[in-house]
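Participant: Next comes entry_5.txt, compact mmCIF, C-alpha atoms:
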# COMPACT_ATOMS: atom_id res chain seq x y z
CA MET A 6 -4.99 11.03 -26.25
CA ALA A 7 -7.16 13.33 -24.15
CA LEU A 8 -6.84 13.29 -20.38
CA GLN A 9 -9.76 12.50 -18.10
CA ASN A 10 -10.83 12.88 -14.48
CA LYS A 11 -12.50 10.12 -12.46
CA GLY A 12 -13.77 11.57 -9.22
CA ILE A 13 -10.79 12.81 -7.20
CA TYR A 14 -8.33 11.19 -9.64
CA ARG A 15 -7.19 13.79 -12.14
CA ASN A 16 -5.37 13.94 -15.47
CA LEU A 17 -5.68 10.21 -16.09
CA PRO A 18 -4.77 8.84 -19.51
CA SER A 19 -7.44 7.67 -21.92
CA PHE A 20 -7.09 4.70 -24.26
CA SER A 21 -8.22 3.79 -27.73
CA PRO A 22 -11.77 2.36 -27.80
CA ASP A 23 -10.29 -0.48 -29.84
CA ILE A 24 -8.73 -1.82 -26.63
CA LYS A 25 -11.67 -3.80 -25.29
CA GLY A 26 -12.82 -7.16 -23.99
CA LEU A 27 -9.69 -7.76 -21.88
CA THR A 28 -9.27 -10.23 -19.04
CA ALA A 29 -6.94 -9.96 -16.06
CA ILE A 30 -5.74 -11.93 -13.06
CA VAL A 31 -5.26 -9.81 -9.94
CA THR A 32 -3.54 -11.73 -7.16
CA GLY A 33 -3.80 -10.67 -3.53
CA ALA A 34 -7.26 -9.35 -4.32
CA ASN A 35 -8.08 -9.06 -0.59
CA GLY A 36 -5.19 -6.69 -0.02
CA ILE A 37 -5.01 -2.93 -0.30
CA SER A 38 -3.20 -2.83 -3.66
CA GLY A 39 -4.90 -5.80 -5.28
CA PHE A 40 -8.41 -4.74 -4.38
CA HIS A 41 -7.99 -1.16 -5.51
CA THR A 42 -6.32 -2.15 -8.77
CA MET A 43 -9.40 -4.29 -9.41
CA ARG A 44 -11.50 -1.18 -8.80
CA ALA A 45 -9.43 0.82 -11.28
CA LEU A 46 -9.82 -1.85 -13.97
CA LEU A 47 -13.50 -2.47 -13.31
CA GLY A 48 -14.20 1.23 -13.78
CA SER A 49 -13.78 0.65 -17.53
CA PRO A 50 -16.38 -2.03 -18.39
CA GLU A 51 -15.80 -2.07 -22.13
CA ARG A 52 -12.05 -2.39 -21.73
CA TRP A 53 -12.07 -5.02 -18.95
CA LYS A 54 -14.77 -7.64 -19.35
CA LYS A 55 -13.47 -9.99 -16.63
CA VAL A 56 -11.18 -9.80 -13.62
CA TRP A 57 -10.14 -12.98 -11.86
CA ALA A 58 -9.52 -12.30 -8.16
CA ALA A 59 -6.89 -14.86 -7.17
CA SER A 60 -6.46 -15.30 -3.42
CA ARG A 61 -7.03 -17.91 -0.72
CA ARG A 62 -10.33 -16.32 0.25
CA PRO A 63 -12.69 -14.10 -1.76
CA PRO A 64 -12.70 -10.38 -0.99
CA PRO A 65 -15.00 -9.80 2.02
CA LYS A 66 -18.59 -8.80 1.30
CA GLU A 67 -18.05 -5.42 2.99
CA MET A 68 -15.32 -4.59 0.48
CA MET A 69 -17.28 -5.92 -2.47
CA ALA A 70 -20.17 -3.68 -1.41
CA LEU A 71 -17.94 -0.72 -2.33
CA LEU A 72 -18.27 -1.83 -5.97
CA THR A 73 -21.27 -1.30 -8.20
CA GLU A 74 -23.46 -4.24 -9.17
CA ASP A 75 -21.97 -4.21 -12.69
CA GLN A 76 -18.44 -4.22 -11.31
CA ARG A 77 -19.19 -7.15 -9.01
CA SER A 78 -20.66 -9.08 -11.95
CA ARG A 79 -17.28 -8.93 -13.75
CA VAL A 80 -15.25 -10.31 -10.83
CA GLU A 81 -14.81 -14.01 -10.22
CA HIS A 82 -12.81 -15.43 -7.36
CA VAL A 83 -10.22 -18.17 -7.91
CA ALA A 84 -9.22 -19.89 -4.66
CA CYS A 85 -5.43 -20.12 -4.82
CA ASP A 86 -2.88 -20.64 -2.08
CA PHE A 87 0.39 -19.52 -3.60
CA LEU A 88 2.35 -21.41 -0.95
CA SER A 89 0.94 -24.62 -2.45
CA SER A 90 2.50 -26.36 -5.45
CA GLY A 91 2.40 -25.09 -8.99
CA GLU A 92 0.37 -28.18 -9.91
CA GLU A 93 -2.31 -27.30 -7.37
CA ILE A 94 -2.44 -23.68 -8.52
CA ALA A 95 -2.70 -24.80 -12.16
CA LYS A 96 -5.60 -27.08 -11.24
CA GLN A 97 -7.51 -24.18 -9.69
CA LEU A 98 -6.89 -22.02 -12.76
CA LYS A 99 -7.94 -24.73 -15.19
CA ASP A 100 -11.02 -25.70 -13.17
CA LYS A 101 -12.23 -22.11 -13.54
CA ASN A 102 -11.17 -21.82 -17.20
CA VAL A 103 -9.10 -18.77 -16.32
CA THR A 104 -7.78 -16.65 -19.17
CA ALA A 105 -5.63 -13.58 -18.71
CA ASP A 106 -4.48 -10.94 -21.15
CA TYR A 107 -2.69 -9.28 -18.23
CA VAL A 108 -1.55 -10.33 -14.77
CA PHE A 109 -1.16 -8.02 -11.77
CA PHE A 110 0.70 -9.61 -8.85
CA TYR A 111 0.15 -8.22 -5.34
CA SER A 112 0.34 -11.31 -3.13
CA TYR A 113 2.35 -10.82 0.04
CA ALA A 114 2.90 -12.74 3.27
CA GLN A 115 4.25 -11.19 6.48
CA PRO A 116 5.86 -13.85 8.68
CA LYS A 117 5.86 -12.76 12.30
CA PRO A 118 9.25 -11.45 13.49
CA GLU A 119 10.76 -12.47 16.79
CA PRO A 120 9.04 -10.92 19.82
CA GLY A 121 10.17 -7.33 20.29
CA LYS A 122 11.77 -7.10 16.86
CA PRO A 123 10.68 -4.64 14.13
CA ALA A 124 8.22 -5.77 11.47
CA TRP A 125 10.78 -6.35 8.70
CA SER A 126 13.63 -7.64 10.86
CA ASN A 127 13.21 -11.25 9.69
CA ALA A 128 14.61 -10.42 6.26
CA GLN A 129 15.56 -13.93 5.13
CA GLU A 130 12.21 -15.39 6.17
CA LEU A 131 10.48 -12.66 4.18
CA VAL A 132 12.62 -13.62 1.18
CA ASP A 133 11.91 -17.33 1.50
CA THR A 134 8.15 -16.89 1.87
CA ASN A 135 7.48 -14.18 -0.69
CA THR A 136 9.80 -15.57 -3.33
CA ALA A 137 7.94 -18.86 -3.02
CA LEU A 138 4.61 -17.07 -3.57
CA LEU A 139 5.69 -15.73 -6.94
CA ARG A 140 7.64 -18.82 -8.00
CA ASN A 141 4.71 -21.14 -7.34
CA PHE A 142 2.27 -18.83 -9.13
CA LEU A 143 4.49 -18.56 -12.21
CA GLU A 144 4.81 -22.34 -12.27
CA GLY A 145 1.02 -22.59 -11.98
CA LEU A 146 0.56 -20.26 -14.96
CA ASP A 147 2.95 -22.36 -17.03
CA LYS A 148 1.25 -25.63 -16.13
CA ALA A 149 -2.21 -24.16 -16.79
CA GLY A 150 -1.14 -22.80 -20.17
CA VAL A 151 -2.04 -19.23 -19.23
CA VAL A 152 0.33 -16.83 -21.02
CA PRO A 153 -0.45 -13.11 -20.53
CA LYS A 154 0.69 -10.31 -22.80
CA ARG A 155 2.24 -8.45 -19.87
CA PHE A 156 2.98 -9.30 -16.23
CA CYS A 157 2.95 -6.48 -13.65
CA LEU A 158 4.69 -7.02 -10.30
CA GLN A 159 4.28 -4.52 -7.47
CA THR A 160 7.17 -4.08 -5.05
CA GLY A 161 7.66 -0.88 -3.04
CA ALA A 162 9.93 1.72 -1.51
CA LYS A 163 11.79 -0.97 0.48
CA ASN A 164 13.36 -1.65 -2.93
CA TYR A 165 15.59 1.34 -2.15
CA GLY A 166 16.42 0.29 1.41
CA VAL A 167 14.32 2.95 3.13
CA HIS A 168 13.57 0.50 5.96
CA ILE A 169 17.27 -0.13 6.63
CA GLY A 170 18.56 3.38 7.15
CA ARG A 171 19.55 6.57 5.39
CA ALA A 172 19.13 6.33 1.64
CA ARG A 173 19.70 8.75 -1.21
CA THR A 174 16.47 10.53 -2.16
CA PRO A 175 14.45 11.03 -4.19
CA PHE A 176 14.41 7.35 -5.06
CA VAL A 177 15.04 6.78 -8.77
CA GLU A 178 14.22 3.58 -10.64
CA SER A 179 17.79 3.25 -11.94
CA ASP A 180 19.25 3.24 -8.41
CA PRO A 181 21.27 0.06 -7.71
CA ARG A 182 20.12 -2.55 -5.23
CA PRO A 183 21.60 -1.67 -1.82
CA GLY A 184 22.64 -5.28 -1.16
CA ILE A 185 22.98 -4.74 2.60
CA GLU A 186 20.56 -7.42 3.70
CA PRO A 187 18.25 -9.94 1.99
CA ASN A 188 15.32 -8.26 0.24
CA PHE A 189 12.57 -10.38 -1.35
CA TYR A 190 11.93 -7.79 -4.05
CA TYR A 191 15.20 -8.68 -5.78
CA PRO A 192 14.68 -12.45 -6.23
CA GLN A 193 11.08 -11.68 -7.20
CA GLU A 194 12.35 -9.33 -9.91
CA ASP A 195 14.80 -11.96 -11.13
CA LEU A 196 12.04 -14.60 -11.27
CA LEU A 197 9.90 -12.18 -13.27
CA TYR A 198 12.65 -11.38 -15.77
CA GLU A 199 13.34 -15.07 -16.39
CA TYR A 200 9.64 -15.97 -16.70
CA CYS A 201 8.92 -13.18 -19.18
CA LYS A 202 12.00 -13.95 -21.26
CA ARG A 203 11.06 -17.64 -21.38
CA ASN A 204 7.52 -16.82 -22.53
CA SER A 205 8.48 -13.89 -24.79
CA ILE A 206 6.20 -11.45 -22.97
CA GLY A 207 6.68 -8.06 -21.36
CA TRP A 208 6.92 -7.05 -17.70
CA ASN A 209 6.38 -4.02 -15.51
CA ILE A 210 7.41 -3.34 -11.93
CA ILE A 211 5.60 -0.71 -9.86
CA CYS A 212 7.09 0.77 -6.66
CA PRO A 213 4.69 2.68 -4.36
CA ALA A 214 5.39 4.32 -0.99
CA TRP A 215 2.95 4.36 1.97
CA ILE A 216 -0.23 2.97 0.44
CA ILE A 217 -3.66 4.53 1.02
CA GLY A 218 -6.91 2.59 0.63
CA ALA A 219 -9.65 0.88 2.63
CA VAL A 220 -9.64 -2.91 3.07
CA ASN A 221 -10.65 -5.19 5.92
CA ASN A 222 -7.11 -6.40 6.50
CA ALA A 223 -5.33 -3.25 7.63
CA ALA A 224 -2.37 -4.90 9.37
CA MET A 225 0.18 -2.94 7.31
CA ASN A 226 -1.98 0.06 6.50
CA ALA A 227 0.11 2.69 8.28
CA LEU A 228 -2.46 5.47 8.06
CA HIS A 229 -5.44 3.50 9.41
CA PRO A 230 -4.13 3.49 13.03
CA LEU A 231 -3.64 7.27 12.80
CA ALA A 232 -7.38 7.61 12.23
CA VAL A 233 -8.11 5.28 15.15
CA TYR A 234 -5.81 7.42 17.30
CA ALA A 235 -7.62 10.59 16.23
CA ALA A 236 -11.06 9.07 16.78
CA VAL A 237 -10.16 7.99 20.32
CA LYS A 238 -8.66 11.39 21.16
CA ALA A 239 -11.85 13.06 19.93
CA HIS A 240 -13.99 10.65 21.95
CA GLN A 241 -11.94 11.49 25.05
CA GLY A 242 -12.12 15.23 24.38
CA LYS A 243 -8.34 15.43 24.18
CA VAL A 244 -5.73 17.08 21.99
CA LEU A 245 -4.28 15.06 19.10
CA ASP A 246 -0.70 14.96 20.39
CA PHE A 247 2.20 14.49 17.99
CA PRO A 248 4.82 11.90 19.00
CA GLY A 249 7.79 13.00 16.90
CA ASP A 250 10.30 15.84 16.93
CA ILE A 251 10.45 18.99 14.82
CA ASN A 252 12.25 17.16 12.00
CA ALA A 253 9.47 14.57 11.78
CA TRP A 254 6.95 17.42 11.90
CA LEU A 255 8.49 19.26 8.95
CA GLY A 256 9.95 16.34 6.99
CA VAL A 257 8.24 15.64 3.68
CA THR A 258 6.75 12.21 3.06
CA GLU A 259 4.96 10.89 0.00
CA HIS A 260 2.03 8.52 -0.23
CA SER A 261 0.66 6.26 -2.94
CA THR A 262 -3.10 6.03 -3.18
CA ALA A 263 -3.87 2.45 -4.18
CA THR A 264 -6.49 3.32 -6.80
CA LEU A 265 -4.21 5.84 -8.51
CA THR A 266 -1.41 3.26 -8.48
CA GLY A 267 -3.93 0.88 -10.07
CA TYR A 268 -4.55 3.39 -12.86
CA LEU A 269 -0.78 3.78 -13.33
CA SER A 270 -0.34 0.00 -13.48
CA GLU A 271 -3.10 -0.27 -16.09
CA TRP A 272 -1.43 2.46 -18.16
CA ALA A 273 1.96 0.77 -17.87
CA VAL A 274 0.77 -2.62 -19.14
CA LEU A 275 -1.34 -1.20 -21.96
CA GLU A 276 1.33 1.12 -23.37
CA ASP A 277 3.78 -0.56 -25.75
CA LYS A 278 6.43 2.02 -24.91
CA CYS A 279 6.29 0.99 -21.24
CA LYS A 280 7.17 -2.64 -21.91
CA ASN A 281 9.93 -3.94 -19.62
CA GLN A 282 10.03 -0.82 -17.46
CA LYS A 283 9.97 -0.16 -13.70
CA PHE A 284 8.04 2.87 -12.43
CA ASN A 285 7.70 4.53 -9.06
CA ALA A 286 4.14 5.29 -7.99
CA SER A 287 3.37 8.44 -6.01
CA ASP A 288 0.37 10.75 -5.66
CA THR A 289 2.79 13.62 -6.45
CA CYS A 290 1.40 15.36 -3.38
CA ALA A 291 4.02 15.83 -0.67
CA LEU A 292 2.34 15.65 2.74
CA PRO A 293 4.36 16.52 5.87
CA ASN A 294 2.93 15.85 9.31
CA ASN A 295 2.47 19.56 9.96
CA ARG A 296 -0.16 19.48 7.20
CA LEU A 297 -1.62 16.07 8.09
CA TRP A 298 -2.07 16.43 11.86
CA PRO A 299 -4.39 19.47 11.75
CA GLU A 300 -6.59 17.70 9.20
CA LEU A 301 -6.77 14.49 11.23
CA ALA A 302 -7.85 16.53 14.24
CA ARG A 303 -10.48 18.41 12.21
CA TRP A 304 -11.85 15.34 10.42
CA PHE A 305 -12.51 13.47 13.63
CA GLY A 306 -13.44 16.43 15.84
CA CYS A 307 -10.48 16.52 18.23
CA LYS A 308 -10.22 19.34 20.73
CA ASP A 309 -7.05 20.56 19.01
CA TYR A 310 -3.83 19.17 17.59
CA GLY A 311 -0.46 19.11 19.30
CA LYS A 312 2.82 20.34 17.91
CA PRO A 313 6.16 18.56 18.29
CA GLU A 314 7.85 18.50 21.67
CA LEU A 315 10.75 20.95 21.84
CA ASP A 316 12.14 19.99 25.25
CA GLU A 317 15.09 17.71 24.44
CA SER A 318 14.92 16.07 27.87
CA LYS A 319 11.52 14.55 27.05
CA PHE A 320 12.67 12.56 24.03
CA THR A 321 13.52 8.90 23.86
CA VAL A 322 16.37 8.31 21.43
CA VAL A 323 16.85 4.92 19.80
CA ASP A 324 20.30 4.43 18.32
CA PRO A 325 20.43 1.44 15.93
CA GLY A 326 24.21 1.39 16.24
CA ASP A 327 26.91 1.55 13.63
CA LYS A 328 25.41 -0.38 10.73
CA PRO A 329 25.75 -0.14 6.95
CA THR A 330 23.17 2.09 5.29
CA PRO A 331 22.01 2.39 1.67
CA LEU A 332 23.52 5.88 1.54
CA GLY A 333 26.92 4.48 2.45
CA TYR A 334 28.03 7.44 4.56
CA GLY A 335 26.72 9.75 7.27
CA GLY A 336 26.13 7.06 9.86
CA THR A 337 22.85 5.53 10.98
CA GLN A 338 19.79 7.60 11.74
CA LYS A 339 18.56 7.77 15.32
CA SER A 340 14.85 7.69 16.08
CA ARG A 341 13.51 10.38 18.41
CA PHE A 342 10.06 10.47 19.94
CA SER A 343 8.27 11.77 23.00
CA PHE A 344 5.99 8.71 22.99
CA THR A 345 5.06 5.88 20.65
CA LEU A 346 1.62 5.12 19.30
CA GLY A 347 2.31 1.47 20.10
CA HIS A 348 2.71 2.33 23.80
CA TRP A 349 -0.37 4.54 23.66
CA ALA A 350 -2.40 1.69 22.11
CA ALA A 351 -1.33 -0.64 24.94
CA GLN A 352 -3.00 1.58 27.56
CA GLU A 353 -6.33 0.17 28.75
CA GLU A 354 -8.07 3.55 28.92
CA ASN A 355 -7.60 3.98 25.18
CA HIS A 356 -8.80 0.48 24.38
CA LYS A 357 -11.84 1.15 26.56
CA ALA A 358 -12.59 4.33 24.61
CA TRP A 359 -12.36 2.44 21.32
CA LYS A 360 -14.77 -0.22 22.57
CA GLU A 361 -17.24 2.55 23.36
CA ILE A 362 -16.77 3.92 19.83
CA MET A 363 -17.28 0.44 18.39
CA GLN A 364 -20.54 0.04 20.27
CA LYS A 365 -21.78 3.51 19.35
CA HIS A 366 -21.11 3.10 15.62
CA ASN A 367 -21.54 -0.68 15.23
CA LEU A 368 -17.91 -1.21 14.26
CA THR A 369 -16.45 -4.68 13.82
CA ASP A 370 -12.67 -4.13 13.95
CA ASP A 371 -10.57 -3.78 17.11
CA PRO A 372 -6.96 -2.79 16.29
CA PHE A 373 -6.15 -2.76 20.04
CA GLU A 374 -6.33 -6.55 20.26
CA GLY A 375 -3.54 -8.98 19.46
CA ASP A 376 0.12 -8.06 19.21
CA LEU A 377 -0.48 -4.42 18.13
CA GLU A 378 1.83 -4.97 15.17
CA GLY A 379 -0.01 -2.45 13.01
CA TRP A 380 0.92 0.35 15.37
CA GLN A 381 4.59 -0.13 14.46
CA PHE A 382 3.79 1.04 10.95
CA ALA A 383 1.83 4.00 12.30
CA ASP A 384 4.84 5.04 14.37
CA ALA A 385 7.09 4.74 11.32
CA ALA A 386 4.72 6.92 9.31
CA ALA A 387 4.42 9.48 12.10
CA TRP A 388 8.00 10.02 13.19
CA ALA A 389 10.54 7.75 11.57
CA MET A 390 10.51 7.84 7.76
CA SER A 391 10.75 10.87 5.49
CA PHE A 392 11.50 10.27 1.82
CA ALA A 393 10.49 11.03 -1.74
CA LEU A 394 9.93 8.97 -4.87
CA SER A 395 10.97 10.48 -8.17
CA MET A 396 8.14 10.40 -10.71
CA ASN A 397 10.36 11.77 -13.47
CA LYS A 398 10.57 8.48 -15.34
CA ALA A 399 6.83 7.83 -15.40
CA MET A 400 6.17 11.42 -16.49
CA ASN A 401 8.83 11.17 -19.19
CA PHE A 402 6.94 8.14 -20.54
CA GLY A 403 3.70 10.16 -20.55
CA TRP A 404 2.06 9.50 -17.18
CA THR A 405 0.07 12.50 -15.91
CA GLY A 406 -2.18 11.06 -13.17
CA HIS A 407 -2.51 12.89 -9.86
CA VAL A 408 -4.55 12.83 -6.68
CA ASP A 409 -4.52 15.18 -3.71
CA THR A 410 -3.44 12.90 -0.86
CA LEU A 411 -5.62 14.72 1.67
CA GLU A 412 -8.65 14.02 -0.53
CA SER A 413 -7.72 10.38 -1.09
CA LEU A 414 -7.01 9.81 2.61
CA HIS A 415 -10.36 11.35 3.54
CA LEU A 416 -12.06 9.08 0.98
CA ALA A 417 -10.24 6.03 2.36
CA TYR A 418 -11.31 6.88 5.92
CA SER A 419 -14.89 7.29 4.68
CA GLU A 420 -14.73 3.81 3.14
CA PHE A 421 -13.16 2.40 6.29
CA SER A 422 -16.27 3.68 8.04
CA LYS A 423 -18.51 1.93 5.50
CA ILE A 424 -16.80 -1.42 6.11
CA GLY A 425 -17.05 -1.10 9.89
CA MET A 426 -13.49 -0.12 10.80
CA LEU A 427 -13.75 3.59 11.64
CA PRO A 428 -16.44 5.92 12.97
CA PRO A 429 -17.76 8.52 10.54
CA MET A 430 -15.78 11.75 10.25
CA VAL A 431 -17.22 15.12 11.19
CA GLY A 432 -15.04 17.25 8.88
CA GLU A 433 -15.01 17.45 5.10
CA ALA A 434 -11.92 17.06 2.91
CA LYS A 435 -9.97 20.10 1.81
CA GLN A 436 -7.45 19.99 -0.98
CA LEU A 437 -3.85 20.91 -0.22
CA ILE A 438 -4.01 24.03 -2.38
Go through the file and emit its structure as structure tokens.
Facilitator:
Amino acid sequence: MALQNKGIYRNLPSFSPDIKGLTAIVTGANGISGFHTMRALLGSPERWKKVWAASRRPPPKEMMALLTEDQRSRVEHVACDFLSSGEEIAKQLKDKNVTADYVFFYSYAQPKPEPGKPAWSNAQELVDTNTALLRNFLEGLDKAGVVPKRFCLQTGAKNYGVHIGRARTPFVESDPRPGIEPNFYYPQEDLLYEYCKRNSIGWNIICPAWIIGAVNNAAMNALHPLAVYAAVKAHQGKVLDFPGDINAWLGVTEHSTATLTGYLSEWAVLEDKCKNQKFNASDTCALPNNRLWPELARWFGCKDYGKPELDESKFTVVDPGDKPTPLGYGGTQKSRFSFTLGHWAAQEENHKAWKEIMQKHNLTDDPFEGDLEGWQFADAAAWAMSFALSMNKAMNFGWTGHVDTLESLHLAYSEFSKIGMLPPMVGEAKQLI
């Protein structure tokens, strides 16, 4: 089949025109992955006639305004709380007469860790909560008599233990489960395998990295706080300082634009040869901080951008101690930084500057309020995690999609501005070519 481009998304697969009139359930439709997968599906009106957005609340009107009128007309919300019983979920599905040729599962709950602990430190609680989400939903499908042709579950790079410590990269789908601590992805996978075997249907699992896309709930959107940081620095007339060391500056990290991952997920479920396969999802555009920081500064009009601190005496070093790692040798990795974005966000002068930006541009979101949890992810993206996802398997199966991460990040920041979460940028996107 011929390849096609859709805006900044290049070399996408095309499908037979005979594949038409499909219906889908997309769970977690308010979230970054669920919402942007909906957008990918809705971009093909003849192929996807109806998408059921299953979540506790409908996607906010600001996000829905990013869709065309035709796209909005093919979305219907189904109010489902996946922590409720399967019977209750089935009732909601039946009351709406939901049908689904395909199901895309993105629901996720982030129980709060103990005060002062990292975001994913409460591993068993994450397992208990997120396994229940999927188990209850699968039970609801059974009780409602909804049997899809294929069920797609999205997990992520934590599948490989990247959040625990040193891991072998690039991450490959055939890598074994690290088994160092509880990880909700594994019982979710096991539930999926059993459900699909019982119903004689196929499955797919998609594993993205840092996810890029604009949604109102940006609590785990690691790259949104970086834009807030840049906007405040520009407002203050200051340099966009870099918090990490030279290794974090040069280390290569990959990102997964949510819409491109949506296109990959669509391709995976529609291709017979992809049945019962797990695929990584990456933009295939390596983006180190030494390439990202200058663009952040330019996009938001900062005075300049800072380079990594080279004076060893100015670094804080966090040693996690002698713990098992997914790699199995080499010891644990120490974190080094000259400052943290979380500490920066706690300073009143920076919150004051953001409030001025909010007033100037009629923004509605204040990421400086609350427990500042989102800034933990920004710190991890800026100076802690460097890794790569192998896309060899997806490409061997025929996947060719690509997006320039600088272009997709610029687009996401533009859409964050449209939904009232960022000021407009002053610099245009440039491809990393």
Participant: Might you pull out every residue within 8 Å of Pro116 (chain A), with only C-alpha atoms counted and same-chain residues fewer than 2 positions away left off, and present them as a ChimeraX atom specification?
Facilitator: /A:114,118,127,130-131,134
Participant: Within 8 Å of region 15-37 of chain A, which residues of region 256-374 of chain A show up? Give each one with its shortest atom-to-atom distance in Å (one decimal) and the two atoms involved, counting all atoms listed in the file, rows by chain then rising residue number, as JSON lines.
Facilitator:
{"residue": "A:Ala263", "atom": "CA", "partner": "A:Ile37", "partner_atom": "CA", "distance": 6.7}
{"residue": "A:Tyr268", "atom": "CA", "partner": "A:Leu17", "partner_atom": "CA", "distance": 7.6}
{"residue": "A:Trp272", "atom": "CA", "partner": "A:Pro18", "partner_atom": "CA", "distance": 7.3}
Participant: Which one of A:Glu314, A:Glu276, A:Glu194, A:Glu67 sits closest to Met426 (chain A) if you count all atoms listed in the file?
Facilitator: A:Glu67
Participant: Mind running region 326-421 of chain A against region 219-239 of chain A at 12 Å and telling me each contacting residue's nearest atom pair with the distance in Å (one decimal), counting only C-alpha atoms, chain and number ascending, as a Markdown table?
Facilitator:
| residue | atom | partner | partner_atom | distance |
| --- | --- | --- | --- | --- |
| A:Thr345 | CA | A:Tyr234 | CA | 11.5 |
| A:Leu346 | CA | A:Tyr234 | CA | 8.0 |
| A:Gly347 | CA | A:Pro230 | CA | 9.8 |
| A:His348 | CA | A:Tyr234 | CA | 11.9 |
| A:Trp349 | CA | A:Tyr234 | CA | 8.9 |
| A:Ala350 | CA | A:Tyr234 | CA | 8.2 |
| A:Ala351 | CA | A:Tyr234 | CA | 12.0 |
| A:Glu354 | CA | A:Val237 | CA | 9.9 |
| A:Asn355 | CA | A:Val237 | CA | 6.8 |
| A:His356 | CA | A:Val237 | CA | 8.6 |
| A:Lys357 | CA | A:Val237 | CA | 9.4 |
| A:Ala358 | CA | A:Val237 | CA | 6.1 |
| A:Trp359 | CA | A:Val237 | CA | 6.1 |
| A:Lys360 | CA | A:Val237 | CA | 9.7 |
| A:Glu361 | CA | A:Val237 | CA | 9.4 |
| A:Ile362 | CA | A:Val237 | CA | 7.8 |
| A:Met363 | CA | A:Val237 | CA | 10.6 |
| A:His366 | CA | A:Ala236 | CA | 11.7 |
| A:Leu368 | CA | A:Asn221 | CA | 11.8 |
| A:Thr369 | CA | A:Asn221 | CA | 9.8 |
| A:Asp370 | CA | A:Asn221 | CA | 8.3 |
| A:Asp371 | CA | A:Val233 | CA | 9.6 |
| A:Pro372 | CA | A:Pro230 | CA | 7.6 |
| A:Phe373 | CA | A:Pro230 | CA | 9.6 |
| A:Glu374 | CA | A:Ala224 | CA | 11.7 |
| A:Gly375 | CA | A:Ala224 | CA | 10.9 |
| A:Asp376 | CA | A:Ala224 | CA | 10.6 |
| A:Leu377 | CA | A:Ala224 | CA | 9.0 |
| A:Glu378 | CA | A:Ala224 | CA | 7.2 |
| A:Gly379 | CA | A:Ala224 | CA | 5.0 |
| A:Trp380 | CA | A:Pro230 | CA | 6.4 |
| A:Gln381 | CA | A:Ala227 | CA | 8.1 |
| A:Phe382 | CA | A:Ala227 | CA | 4.8 |
| A:Ala383 | CA | A:Ala227 | CA | 4.6 |
| A:Asp384 | CA | A:Ala227 | CA | 8.1 |
| A:Ala385 | CA | A:Ala227 | CA | 7.9 |
| A:Ala386 | CA | A:Ala227 | CA | 6.3 |
| A:Ala387 | CA | A:Leu231 | CA | 8.4 |
| A:Trp388 | CA | A:Ala227 | CA | 11.8 |
| A:Met390 | CA | A:Ala227 | CA | 11.6 |
| A:Thr410 | CA | A:Leu228 | CA | 11.7 |
| A:Leu411 | CA | A:Leu228 | CA | 11.7 |
| A:Ser413 | CA | A:Ala219 | CA | 10.4 |
| A:Leu414 | CA | A:Leu228 | CA | 8.3 |
| A:His415 | CA | A:Ala232 | CA | 9.9 |
| A:Leu416 | CA | A:Ala219 | CA | 8.7 |
| A:Ala417 | CA | A:Ala219 | CA | 5.2 |
| A:Tyr418 | CA | A:Ala219 | CA | 7.0 |
| A:Ser419 | CA | A:Ala219 | CA | 8.5 |
| A:Glu420 | CA | A:Ala219 | CA | 5.9 |
| A:Phe421 | CA | A:Ala219 | CA | 5.3 |
Participant: Give the answer as one residue: which of A:Gln282, A:Asn10, A:Thr42, A:Asn141 has the shortest atom-to-atom distance to Ile94 (chain A), using only C-alpha atoms?
Facilitator: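 Ranked by minimum distance to Ile94 (chain A), first place goes to A:Asn141.
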Participant: Excluding Arg79 (chain A) and its own-chain neighbours fewer than 4 positions away, which residues fall within 12 Å of it when counting all atoms listed in the file? Please give them as JSON, numbers by chain.
Facilitator: {"A": [26, 27, 28, 29, 30, 43, 44, 46, 47, 48, 49, 50, 51, 52, 53, 54, 55, 56, 57, 58, 69, 72, 73, 74, 75]}
Participant: Measure the distance from CA of Lys319 (chain A) to CA of Ser340 (chain A) in Å and round it to one decimal.
Facilitator: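 Taking CA of Lys319 (chain A) and CA of Ser340 (chain A), their separation equals 13.4 Å.
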Participant: Report, in Å with one decimal, the straight-line distance from CA of Pro325 (chain A) to CA of Trp254 (chain A).
Facilitator: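 Going from CA of Pro325 (chain A) over to CA of Trp254 (chain A) covers 21.3 Å.
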Participant: Could you work out how far CA of Phe284 (chain A) lies from CA of Ala399 (chain A), giving the answer in Å with one decimal?
Facilitator: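 We find that CA of Ala399 (chain A) and CA of Phe284 (chain A) lie 5.9 Å from each other.
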Participant: Hey, could you pull the box centre and edge lengths for region 406-416 of chain A, axis-aligned, 6 Å padding per side, all listed atoms, to one decimal in Å, as AutoDock Vina command-line options?
Facilitator:
--center_x -7.1 --center_y 12.1 --center_z -4.8 --size_x 21.9 --size_y 18.1 --size_z 28.7
Participant: Choose the residue, out of A:Arg61, A:Arg303, A:Lys423, A:Lys99, that has the smallest atom-to-atom separation from Asp86 (chain A); count only C-alpha atoms.
Facilitator: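 Under the stated criterion, the closest residue is A:Arg61.
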Participant: What's the 12 Å shell around Val152 (chain A), counting all atoms listed in the file, without same-chain residues fewer than 2 positions away, as a ChimeraX atom specification?
Facilitator: /A:28-30,103-108,143-150,154-156,200-201,203-207
Participant: Is it possible to get the residues within 12 Å of (1.0, 10.6, -14.3) (coordinates as in the file, counting all atoms listed in the file) written as a ChimeraX atom specification?
Facilitator: /A:8-9,14-19,265-273,284-290,395-408
